[in-house]
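What follows is a single structure, written as structure tokens, with notes after it.
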Amino acid sequence: MEEVTTAVRQQHKFSVDGLQKYLSLKSRTVSNHDALTVRQYSAGQSNPTFLIQSPSSSYVLRKKPPGELLPGAHKVDREYRVQKALFSAGFPVPQPLLHCTDPEIIGTEFYLMEHVKGRIFRDLRLPGASAAERAALYVAAVETLAKLHSLDLVSMNLEGYGKGSGYCKRQVSTWTKQYTAAAHRDIPAMSELSDWLMKNLPASDNEVTLVHGDFRLDNLIFHPREARVMAVLDWELSTTGQPLADLAYFLMPHFWPTSFNISTTMGSLNGIEGIPTVENLISIYCRVRGIPSSLPQLKFYLALSVFKMAGIAQGVYARHLLGNASAPNAAQFGQCVEPLAKMALQLAEGSDAGPPADGLFPQTATGRAVLQQVKDFMRQYVLPAQQEVAEYYSKHAQSPQRWQPPQIIQDLKVKAREAGLWNLFLPAVSGLSQLDYAYIAQETGRCLFAPEVFNCQAPDTGNMEVLHMFGSEEQRSKWLEPLLKGEIRSCFCMTEPDVASSDATNMACTLCKDEDGFVINGKKWWTSGAGSPQCRVAIVMCRSKSQDAKNRHGQHSMVLVPMDTPGVKLVRPLTVFGQDDAIHGGHFEVHFENVRVPTCNIILGEGRGFEIAQGRLGPGRLHHCMRAVGLAESALELLCRRAASRQTFGKKLHQHEVVAHWIAECRLVIEQTRLLTLHAAHALDARGSRAARKQVAMIKVAAARMACQVVDCAIQVHGGAGVSGDFPLSQMYSYARTLRIADGPDEVHLSSIAHLELRDQFKKAQAKL
């Protein structure tokens, strides 16, 4: 819900001094002596948008992108004009302040508006909201759309803002031209869809109102606490014409297959608890406007909306190819055009009710493309490097050199980053959903060091997620950015040697307030990654002495502790079945003796540790489980290869019924776990971490058990070789067995599953009563 900004991207940089001088002349609130800070909004795919801050005020600046533009696009003058009229009419938009047509000031035409503070929900599915809040937000949105369509154009001096009647024909023609101008390859479905729309235009297209053109939930700013729209954003596509096209565009995600995602935040609304049905939203819209609730030719308007979305996606991708895209994830939109066109044709040829059928847990088009890239990269570079990596750690087993990663892994990381296969685990960076990444994690699980090659290794992934979701701007700048670049590593300090850490409220490492900040004292162990020379920071779970002792889950805090802080001591590397796991930076016992940190190192706030932990562990557990599926696949391959190559008692091993049954049982448990884990990934995408707790807990138990079973069978078929260093099976078993304890033992998760299952059963029983 936060406004996500980044440093201004290279292709969008402009003269801040020039802007400051211009505003000091044109604005009463900016003086010659004010220092302006400029940040770029990471969301949005059209006109680059910036947060401008002076010592006393905040503004938002929208400008044209630099370079060659599609004809008729990026008309910031129209945005300024319509917002000015709407603000005067009392409709919720940011107040427009000034419009500059002189490209000499910052390089392109721009306008400035007030900065409205509130909530922006980037994910249309509202994963973090309750069912009641989802309903209230969508009702507020559709009511706002109906009010927009009820405004009088003449009284706002907007009667000449668009061309009026005949809107649908113009839209089909406009988006056909826009698509053709931006197309990078021939997509027959787009041509077929354009023809169908032109042949099925509404018989009557005379109604004319102001239309937004891109009315979606993520283009609205809601009140910080209430389900009330404070501002409607992004008026670039606004014009006058048929209001039902606007309504259909807003309803469009209800008709997408449940598996379809344009991006991690734009997916199907089908079956999400609390979001009103299409029928209910139409009824509310018509009630506000005072019109009949039967909407003719909704099918046409839906197909037109999807066609328009495909045209927008193609334009975004074209700007990516030209190097002047407004958002960093523009490249992924090229994969969406053809699926959108085919979906629109299905809507056109079918009925108006419901989405077309889809497969079981399929990836997005972007996810499929990235998965194929990862598979190719693994086959070409990573898997062939396994022998060299194994020899390196064997050679340096008794040397401090083993804590330094081999050069081949460093070289592979450079290759992966150059290929764009970097930070794939983080949806906000990669544009992938959790379901998309689950398939990728399975692939990287086939090799013990593969996650690091793609900067997707634990515990850094969890720490990066924490900083991304809960970190302050200062914390993100200092620690998240270098972690995302792969310049540093990190560790996570939670488990303690002197308490039963399966009950996380037992954590005794203390956090005491001091004059200048906080003092940490305590012992931690199983701190993974602490032995890496690149490990620069730890996230430490501490108990705050100042918190309410009665609130068991409100006493702990997460604190950023630089590893070079006085008092931080790496005591010893722990071993797992005799192995120190140096390839992953080891698992260390770490002591904190009067370690002083400033107040700004507390993440989110004192006493918020468990709140953060729940947000961190959901995706992290999912990644571990899918990697366990990949590991099991590799173990089963080794098992089958051994069973086919060795002979006992006059026949091949696989011809012995007991071994054949082991193979069958392994395949059964792998497939069961894979489907259960993909279901959990889908639940995380659709409903968020809190709502998917039961699914995540189930896979945490099932995946670790499954991996242990499969690897154990593979070891048994290999005989003595299975427990030797000649095969990776002993290392695999070490990982799989540890997974039954790490991130909470099986027994804790089983208790959680039982609690959640009983809750769900009681709810069902009460509903029946």
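Note on naming: chains are A, B, ... as they come in the structure tokens, residues start from 1 per chain, ligands start from 1 in the order shown.
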Name the residues in contact with Leu151 in chain A at a cut-off of 10 Å, using only C-alpha atoms, excluding same-chain residues fewer than 4 positions from it; report them as a PDB file with C-alpha atoms, in the first residue's frame.
```
ATOM      1  CA  LEU A  86     -12.532  17.842 -12.190  1.00  0.00           C
ATOM      2  CA  ALA A  89     -16.148  20.340  -9.878  1.00  0.00           C
ATOM      3  CA  PHE A  91     -14.420  15.338  -7.976  1.00  0.00           C
ATOM      4  CA  ALA A 146     -20.443   6.030 -11.492  1.00  0.00           C
ATOM      5  CA  LYS A 147     -20.085   9.583 -10.117  1.00  0.00           C
ATOM      6  CA  SER A 155     -20.687  22.841 -16.785  1.00  0.00           C
ATOM      7  CA  MET A 156     -17.043  21.750 -16.616  1.00  0.00           C
ATOM      8  CA  THR A 209     -19.795  11.147 -20.707  1.00  0.00           C
ATOM      9  CA  LEU A 210     -16.312  11.808 -19.445  1.00  0.00           C
TER      10      LEU A 210
END
```
Using only C-alpha atoms, find each residue in range 561-640 of chain A having at least one atom no more than 10 Å away from range 390-399 of chain A; report its shortest atom-to-atom pair and that distance in Å (one decimal), rows by chain then rising number, as CSV.
```
residue,atom,partner,partner_atom,distance
A:Gln579,CA,A:Ala397,CA,9.7
A:Asp580,CA,A:Ala397,CA,9.4
A:Asp581,CA,A:Tyr393,CA,9.8
A:Ala582,CA,A:Tyr393,CA,8.1
A:Ile583,CA,A:Tyr393,CA,7.6
```
Using all heavy atoms, can you write the selected residues to a file as a PDB file, in the first residue's frame?
```
ATOM      1  N   GLN A 579      29.375 -31.967   8.573  1.00  0.00           N
ATOM      2  CA  GLN A 579      29.720 -31.039   7.481  1.00  0.00           C
ATOM      3  C   GLN A 579      29.486 -29.601   7.935  1.00  0.00           C
ATOM      4  O   GLN A 579      28.447 -29.305   8.533  1.00  0.00           O
ATOM      5  CB  GLN A 579      28.860 -31.341   6.243  1.00  0.00           C
ATOM      6  CG  GLN A 579      29.020 -32.749   5.706  1.00  0.00           C
ATOM      7  CD  GLN A 579      28.036 -33.052   4.569  1.00  0.00           C
ATOM      8  OE1 GLN A 579      27.564 -32.156   3.902  1.00  0.00           O
ATOM      9  NE2 GLN A 579      27.749 -34.322   4.371  1.00  0.00           N
ATOM     10  N   ASP A 580      30.433 -28.709   7.636  1.00  0.00           N
ATOM     11  CA  ASP A 580      30.287 -27.318   8.080  1.00  0.00           C
ATOM     12  C   ASP A 580      29.528 -26.433   7.090  1.00  0.00           C
ATOM     13  O   ASP A 580      29.277 -25.272   7.350  1.00  0.00           O
ATOM     14  CB  ASP A 580      31.643 -26.687   8.409  1.00  0.00           C
ATOM     15  CG  ASP A 580      32.572 -26.597   7.203  1.00  0.00           C
ATOM     16  OD1 ASP A 580      32.098 -26.703   6.051  1.00  0.00           O
ATOM     17  OD2 ASP A 580      33.788 -26.418   7.416  1.00  0.00           O
ATOM     18  N   ASP A 581      29.144 -26.987   5.942  1.00  0.00           N
ATOM     19  CA  ASP A 581      28.308 -26.267   4.968  1.00  0.00           C
ATOM     20  C   ASP A 581      28.942 -24.935   4.549  1.00  0.00           C
ATOM     21  O   ASP A 581      28.253 -23.919   4.399  1.00  0.00           O
ATOM     22  CB  ASP A 581      26.920 -26.015   5.560  1.00  0.00           C
ATOM     23  CG  ASP A 581      25.820 -26.087   4.505  1.00  0.00           C
ATOM     24  OD1 ASP A 581      26.133 -26.428   3.354  1.00  0.00           O
ATOM     25  OD2 ASP A 581      24.664 -25.766   4.822  1.00  0.00           O
ATOM     26  N   ALA A 582      30.265 -24.966   4.357  1.00  0.00           N
ATOM     27  CA  ALA A 582      30.985 -23.737   3.998  1.00  0.00           C
ATOM     28  C   ALA A 582      30.489 -23.158   2.681  1.00  0.00           C
ATOM     29  O   ALA A 582      30.557 -21.941   2.456  1.00  0.00           O
ATOM     30  CB  ALA A 582      32.480 -24.018   3.904  1.00  0.00           C
ATOM     31  N   ILE A 583      29.960 -24.003   1.803  1.00  0.00           N
ATOM     32  CA  ILE A 583      29.485 -23.531   0.502  1.00  0.00           C
ATOM     33  C   ILE A 583      28.358 -22.502   0.657  1.00  0.00           C
ATOM     34  O   ILE A 583      28.162 -21.650  -0.192  1.00  0.00           O
ATOM     35  CB  ILE A 583      29.019 -24.726  -0.361  1.00  0.00           C
ATOM     36  CG1 ILE A 583      28.768 -24.267  -1.815  1.00  0.00           C
ATOM     37  CG2 ILE A 583      27.770 -25.379   0.224  1.00  0.00           C
ATOM     38  CD1 ILE A 583      28.509 -25.416  -2.765  1.00  0.00           C
TER      39      ILE A 583
END
```
### Query
What's the 8 Å shell around range 242-252 of chain A, counting only C-alpha atoms, without same-chain residues fewer than 5 positions away, as JSON, numbers by chain?
{"A": [145, 149, 165, 167, 168, 205, 206, 207, 208, 209, 210, 211, 212, 213, 214, 215, 216, 278, 298, 301, 302, 304, 305, 306]}
Based on the selection just made, write N, CA, C and O atoms of those residues as an mmCIF file, in the first residue's frame.
```
data_model
loop_
_atom_site.group_PDB
_atom_site.id
_atom_site.type_symbol
_atom_site.label_atom_id
_atom_site.label_comp_id
_atom_site.auth_asym_id
_atom_site.auth_seq_id
_atom_site.Cartn_x
_atom_site.Cartn_y
_atom_site.Cartn_z
ATOM 1 N N LEU A 145 -16.563 5.646 -9.912
ATOM 2 C CA LEU A 145 -16.673 5.573 -11.375
ATOM 3 C C LEU A 145 -18.047 6.036 -11.831
ATOM 4 O O LEU A 145 -18.166 6.789 -12.813
ATOM 5 N N HIS A 149 -19.072 9.308 -14.311
ATOM 6 C CA HIS A 149 -19.914 9.230 -15.512
ATOM 7 C C HIS A 149 -21.194 10.049 -15.381
ATOM 8 O O HIS A 149 -21.933 10.178 -16.364
ATOM 9 N N SER A 165 -19.897 10.996 -29.679
ATOM 10 C CA SER A 165 -20.495 9.722 -30.080
ATOM 11 C C SER A 165 -19.601 8.995 -31.091
ATOM 12 O O SER A 165 -18.719 9.591 -31.705
ATOM 13 N N TYR A 167 -17.737 6.458 -30.101
ATOM 14 C CA TYR A 167 -16.535 6.185 -29.314
ATOM 15 C C TYR A 167 -15.967 4.791 -29.583
ATOM 16 O O TYR A 167 -14.760 4.618 -29.733
ATOM 17 N N CYS A 168 -16.845 3.794 -29.660
ATOM 18 C CA CYS A 168 -16.358 2.404 -29.771
ATOM 19 C C CYS A 168 -15.597 2.189 -31.069
ATOM 20 O O CYS A 168 -14.530 1.556 -31.075
ATOM 21 N N ASP A 205 -24.272 3.899 -30.240
ATOM 22 C CA ASP A 205 -23.071 4.330 -29.520
ATOM 23 C C ASP A 205 -23.108 5.846 -29.379
ATOM 24 O O ASP A 205 -22.165 6.551 -29.712
ATOM 25 N N ASN A 206 -24.255 6.316 -28.833
ATOM 26 C CA ASN A 206 -24.476 7.759 -28.788
ATOM 27 C C ASN A 206 -24.291 8.363 -27.397
ATOM 28 O O ASN A 206 -24.210 9.588 -27.281
ATOM 29 N N GLU A 207 -24.271 7.525 -26.350
ATOM 30 C CA GLU A 207 -24.126 8.080 -25.009
ATOM 31 C C GLU A 207 -22.720 8.643 -24.836
ATOM 32 O O GLU A 207 -21.730 7.998 -25.201
ATOM 33 N N VAL A 208 -22.635 9.836 -24.276
ATOM 34 C CA VAL A 208 -21.337 10.503 -24.129
ATOM 35 C C VAL A 208 -21.209 11.044 -22.705
ATOM 36 O O VAL A 208 -22.025 11.842 -22.254
ATOM 37 N N THR A 209 -20.166 10.585 -22.005
ATOM 38 C CA THR A 209 -19.795 11.147 -20.707
ATOM 39 C C THR A 209 -18.276 11.286 -20.701
ATOM 40 O O THR A 209 -17.593 10.887 -21.651
ATOM 41 N N LEU A 210 -17.762 11.827 -19.632
ATOM 42 C CA LEU A 210 -16.312 11.808 -19.445
ATOM 43 C C LEU A 210 -15.910 10.391 -19.064
ATOM 44 O O LEU A 210 -16.509 9.791 -18.164
ATOM 45 N N VAL A 211 -14.931 9.816 -19.748
ATOM 46 C CA VAL A 211 -14.449 8.474 -19.419
ATOM 47 C C VAL A 211 -12.974 8.561 -19.035
ATOM 48 O O VAL A 211 -12.220 9.346 -19.612
ATOM 49 N N HIS A 212 -12.595 7.762 -18.079
ATOM 50 C CA HIS A 212 -11.224 7.780 -17.578
ATOM 51 C C HIS A 212 -10.265 7.078 -18.527
ATOM 52 O O HIS A 212 -9.163 7.548 -18.803
ATOM 53 N N GLY A 213 -10.677 5.908 -19.020
ATOM 54 C CA GLY A 213 -9.857 5.174 -19.982
ATOM 55 C C GLY A 213 -8.929 4.131 -19.377
ATOM 56 O O GLY A 213 -8.468 3.226 -20.078
ATOM 57 N N ASP A 214 -8.638 4.224 -18.069
ATOM 58 C CA ASP A 214 -7.743 3.248 -17.418
ATOM 59 C C ASP A 214 -8.135 3.128 -15.952
ATOM 60 O O ASP A 214 -7.294 3.143 -15.060
ATOM 61 N N PHE A 215 -9.457 3.001 -15.701
ATOM 62 C CA PHE A 215 -9.963 3.032 -14.333
ATOM 63 C C PHE A 215 -9.763 1.667 -13.684
ATOM 64 O O PHE A 215 -10.443 0.695 -13.997
ATOM 65 N N ARG A 216 -8.773 1.603 -12.788
ATOM 66 C CA ARG A 216 -8.444 0.380 -12.044
ATOM 67 C C ARG A 216 -8.226 0.755 -10.588
ATOM 68 O O ARG A 216 -7.969 1.913 -10.257
ATOM 69 N N VAL A 278 -19.486 -9.536 -10.251
ATOM 70 C CA VAL A 278 -19.771 -8.635 -11.370
ATOM 71 C C VAL A 278 -21.199 -8.097 -11.260
ATOM 72 O O VAL A 278 -21.451 -6.893 -11.444
ATOM 73 N N LEU A 298 -22.456 -6.294 -23.099
ATOM 74 C CA LEU A 298 -21.315 -6.272 -22.173
ATOM 75 C C LEU A 298 -20.157 -7.075 -22.743
ATOM 76 O O LEU A 298 -18.990 -6.715 -22.569
ATOM 77 N N TYR A 301 -17.952 -4.915 -24.886
ATOM 78 C CA TYR A 301 -17.144 -3.965 -24.123
ATOM 79 C C TYR A 301 -16.008 -4.675 -23.374
ATOM 80 O O TYR A 301 -14.917 -4.119 -23.212
ATOM 81 N N LEU A 302 -16.258 -5.908 -22.930
ATOM 82 C CA LEU A 302 -15.190 -6.678 -22.276
ATOM 83 C C LEU A 302 -14.089 -7.032 -23.274
ATOM 84 O O LEU A 302 -12.899 -6.892 -22.974
ATOM 85 N N LEU A 304 -13.386 -5.448 -25.997
ATOM 86 C CA LEU A 304 -12.705 -4.190 -26.316
ATOM 87 C C LEU A 304 -11.711 -3.823 -25.211
ATOM 88 O O LEU A 304 -10.583 -3.383 -25.490
ATOM 89 N N SER A 305 -12.099 -4.044 -23.964
ATOM 90 C CA SER A 305 -11.210 -3.726 -22.837
ATOM 91 C C SER A 305 -9.943 -4.569 -22.871
ATOM 92 O O SER A 305 -8.836 -4.063 -22.642
ATOM 93 N N VAL A 306 -10.097 -5.876 -23.156
ATOM 94 C CA VAL A 306 -8.925 -6.753 -23.202
ATOM 95 C C VAL A 306 -8.043 -6.393 -24.400
ATOM 96 O O VAL A 306 -6.812 -6.429 -24.319
#
```
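Distances from A:Gln731, A:Thr565, A:Ser194, A:Ser56 to Leu345 in chain A were compared using only C-alpha atoms, and the smallest one belongs to A:Ser194.
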### Task
Just give me the gap between CA of Ala736 in chain A and CA of Ile488 in chain A in Å, one decimal is fine.
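Between these atoms lies a distance of 26.9 Å.
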### Query
Pick from A:Ser238, A:Lys63, A:Lys478, A:Val93: nearest to Gly162 in chain A, with only C-alpha atoms counted?
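Closest candidate: A:Ser238.
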### Query
Within 8 Å of range 481-486 of chain A, counting only C-alpha atoms, which residues qualify if same-chain residues fewer than 2 places away don't, as a PyMOL selection string?
chain A and resi 423+455+460+464+476-479+488-490
Store the residues of this selection in a file with C-alpha atoms, as a compact mmCIF listing (two decimals), in the first residue's frame.
```
# COMPACT_ATOMS: atom_id res chain seq x y z
CA ASN A 423 16.56 -11.57 -7.81
CA ASN A 455 21.03 -14.17 -6.06
CA ASP A 460 19.48 -13.34 2.01
CA MET A 464 15.70 -8.83 1.43
CA ARG A 476 16.73 0.00 2.21
CA SER A 477 19.33 2.34 0.81
CA LYS A 478 22.08 1.10 3.12
CA TRP A 479 21.38 -2.64 3.10
CA ILE A 488 27.14 -8.10 0.14
CA ARG A 489 25.61 -11.05 2.01
CA SER A 490 23.60 -11.17 5.25
```
### Task
Mind the document's chain letters and residue numbers, and return as an NGL selection string the residues of range 96-233 of chain A that DSSP labels strand (DSSP E or B).
:A and (96-100 or 110-114 or 119 or 209-211 or 220-222 or 229-232)
Can you spit out the residues from that selection as a short mmCIF file (atom, residue, chain, number, x, y, z; two decimals), in the first residue's frame, using N, CA and C atoms?
```
data_model
loop_
_atom_site.label_atom_id
_atom_site.label_comp_id
_atom_site.auth_asym_id
_atom_site.auth_seq_id
_atom_site.Cartn_x
_atom_site.Cartn_y
_atom_site.Cartn_z
N PRO A 96 -4.27 20.19 -9.56
CA PRO A 96 -3.20 20.54 -10.50
C PRO A 96 -2.72 21.96 -10.21
N LEU A 97 -1.40 22.17 -10.21
CA LEU A 97 -0.84 23.45 -9.78
C LEU A 97 -0.30 24.28 -10.93
N LEU A 98 0.42 23.66 -11.86
CA LEU A 98 0.93 24.42 -13.01
C LEU A 98 1.28 23.47 -14.14
N HIS A 99 1.29 24.02 -15.36
CA HIS A 99 1.58 23.24 -16.57
C HIS A 99 2.67 23.99 -17.34
N CYS A 100 3.74 23.30 -17.69
CA CYS A 100 4.87 23.93 -18.39
C CYS A 100 5.03 23.29 -19.76
N PHE A 110 5.69 19.18 -18.97
CA PHE A 110 5.32 18.54 -17.71
C PHE A 110 4.23 19.35 -17.02
N TYR A 111 3.64 18.72 -15.99
CA TYR A 111 2.76 19.49 -15.10
C TYR A 111 2.98 19.03 -13.67
N LEU A 112 2.59 19.90 -12.74
CA LEU A 112 2.81 19.67 -11.32
C LEU A 112 1.46 19.64 -10.61
N MET A 113 1.32 18.70 -9.67
CA MET A 113 0.08 18.63 -8.88
C MET A 113 0.42 18.39 -7.42
N GLU A 114 -0.60 18.52 -6.58
CA GLU A 114 -0.38 18.29 -5.14
C GLU A 114 -0.10 16.80 -4.90
N ARG A 119 -3.66 5.58 0.84
CA ARG A 119 -3.31 4.19 0.52
C ARG A 119 -3.51 3.92 -0.96
N THR A 209 -20.17 10.59 -22.01
CA THR A 209 -19.79 11.15 -20.71
C THR A 209 -18.28 11.29 -20.70
N LEU A 210 -17.76 11.83 -19.63
CA LEU A 210 -16.31 11.81 -19.44
C LEU A 210 -15.91 10.39 -19.06
N VAL A 211 -14.93 9.82 -19.75
CA VAL A 211 -14.45 8.47 -19.42
C VAL A 211 -12.97 8.56 -19.04
N LEU A 220 -6.20 4.51 -7.87
CA LEU A 220 -6.97 5.26 -6.88
C LEU A 220 -6.15 5.41 -5.59
N ILE A 221 -6.30 6.56 -4.94
CA ILE A 221 -5.73 6.76 -3.61
C ILE A 221 -6.89 6.74 -2.61
N PHE A 222 -6.81 5.82 -1.64
CA PHE A 222 -7.84 5.70 -0.63
C PHE A 222 -7.40 6.42 0.66
N VAL A 229 -12.43 6.99 -1.52
CA VAL A 229 -11.51 7.40 -2.57
C VAL A 229 -11.18 8.88 -2.38
N MET A 230 -9.90 9.17 -2.22
CA MET A 230 -9.45 10.55 -2.04
C MET A 230 -8.97 11.16 -3.35
N ALA A 231 -8.50 10.33 -4.29
CA ALA A 231 -8.02 10.87 -5.56
C ALA A 231 -8.00 9.76 -6.61
N VAL A 232 -8.40 10.11 -7.83
CA VAL A 232 -8.27 9.23 -8.99
C VAL A 232 -7.08 9.73 -9.80
#
```
### Message
Can you pull out the residues contacting Gly471 in chain A? Cut-off 9 Å, using only C-alpha atoms, and skip same-chain residues under 3 positions away; I want them as a ChimeraX atom specification.
### Response
/A:466-468,474-476,480,602-604
### Message
as a ChimeraX atom specification, please: the residues near range 500-506 of chain A (cut-off 7 Å, only C-alpha atoms, same-chain neighbours under 3 positions excluded).
### Response
/A:495-496,552-553,744-745
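For range 407-414 of chain A, the non-local neighbours within 9 Å, defined as residues at least 5 positions apart in the same chain or in other chains and counting only C-alpha atoms, are A:Tyr381, A:Val382, A:Ala385, A:Glu388, A:Val389, A:Ala419, A:Trp422, A:Phe449, A:Ala450, A:Glu452, A:Val453, A:Phe454, A:Asn455, A:Gly486.
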### Message
Just to confirm, what's the straight-line distance from CA of Met507 in chain A to CA of Pro533 in chain A in Å (one decimal)?
### Response
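That distance, rounded to one decimal, is 27.1 Å.
Using only C-alpha atoms, the shortest contact distance between Ala686 in chain A and any of A:Asn261, A:Thr366, A:Ser191, A:Ser472 is found at A:Asn261.
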### Message
If DSSP is run on the backbone, what residues of range 326-561 of chain A are helix (DSSP H, G or I)? A reply as a ChimeraX atom specification would be ideal.
### Response
/A:330-335,337-349,365-395,400-403,407-418,427-430,434-444,450-453,460-470,473-485,504-506,552-554
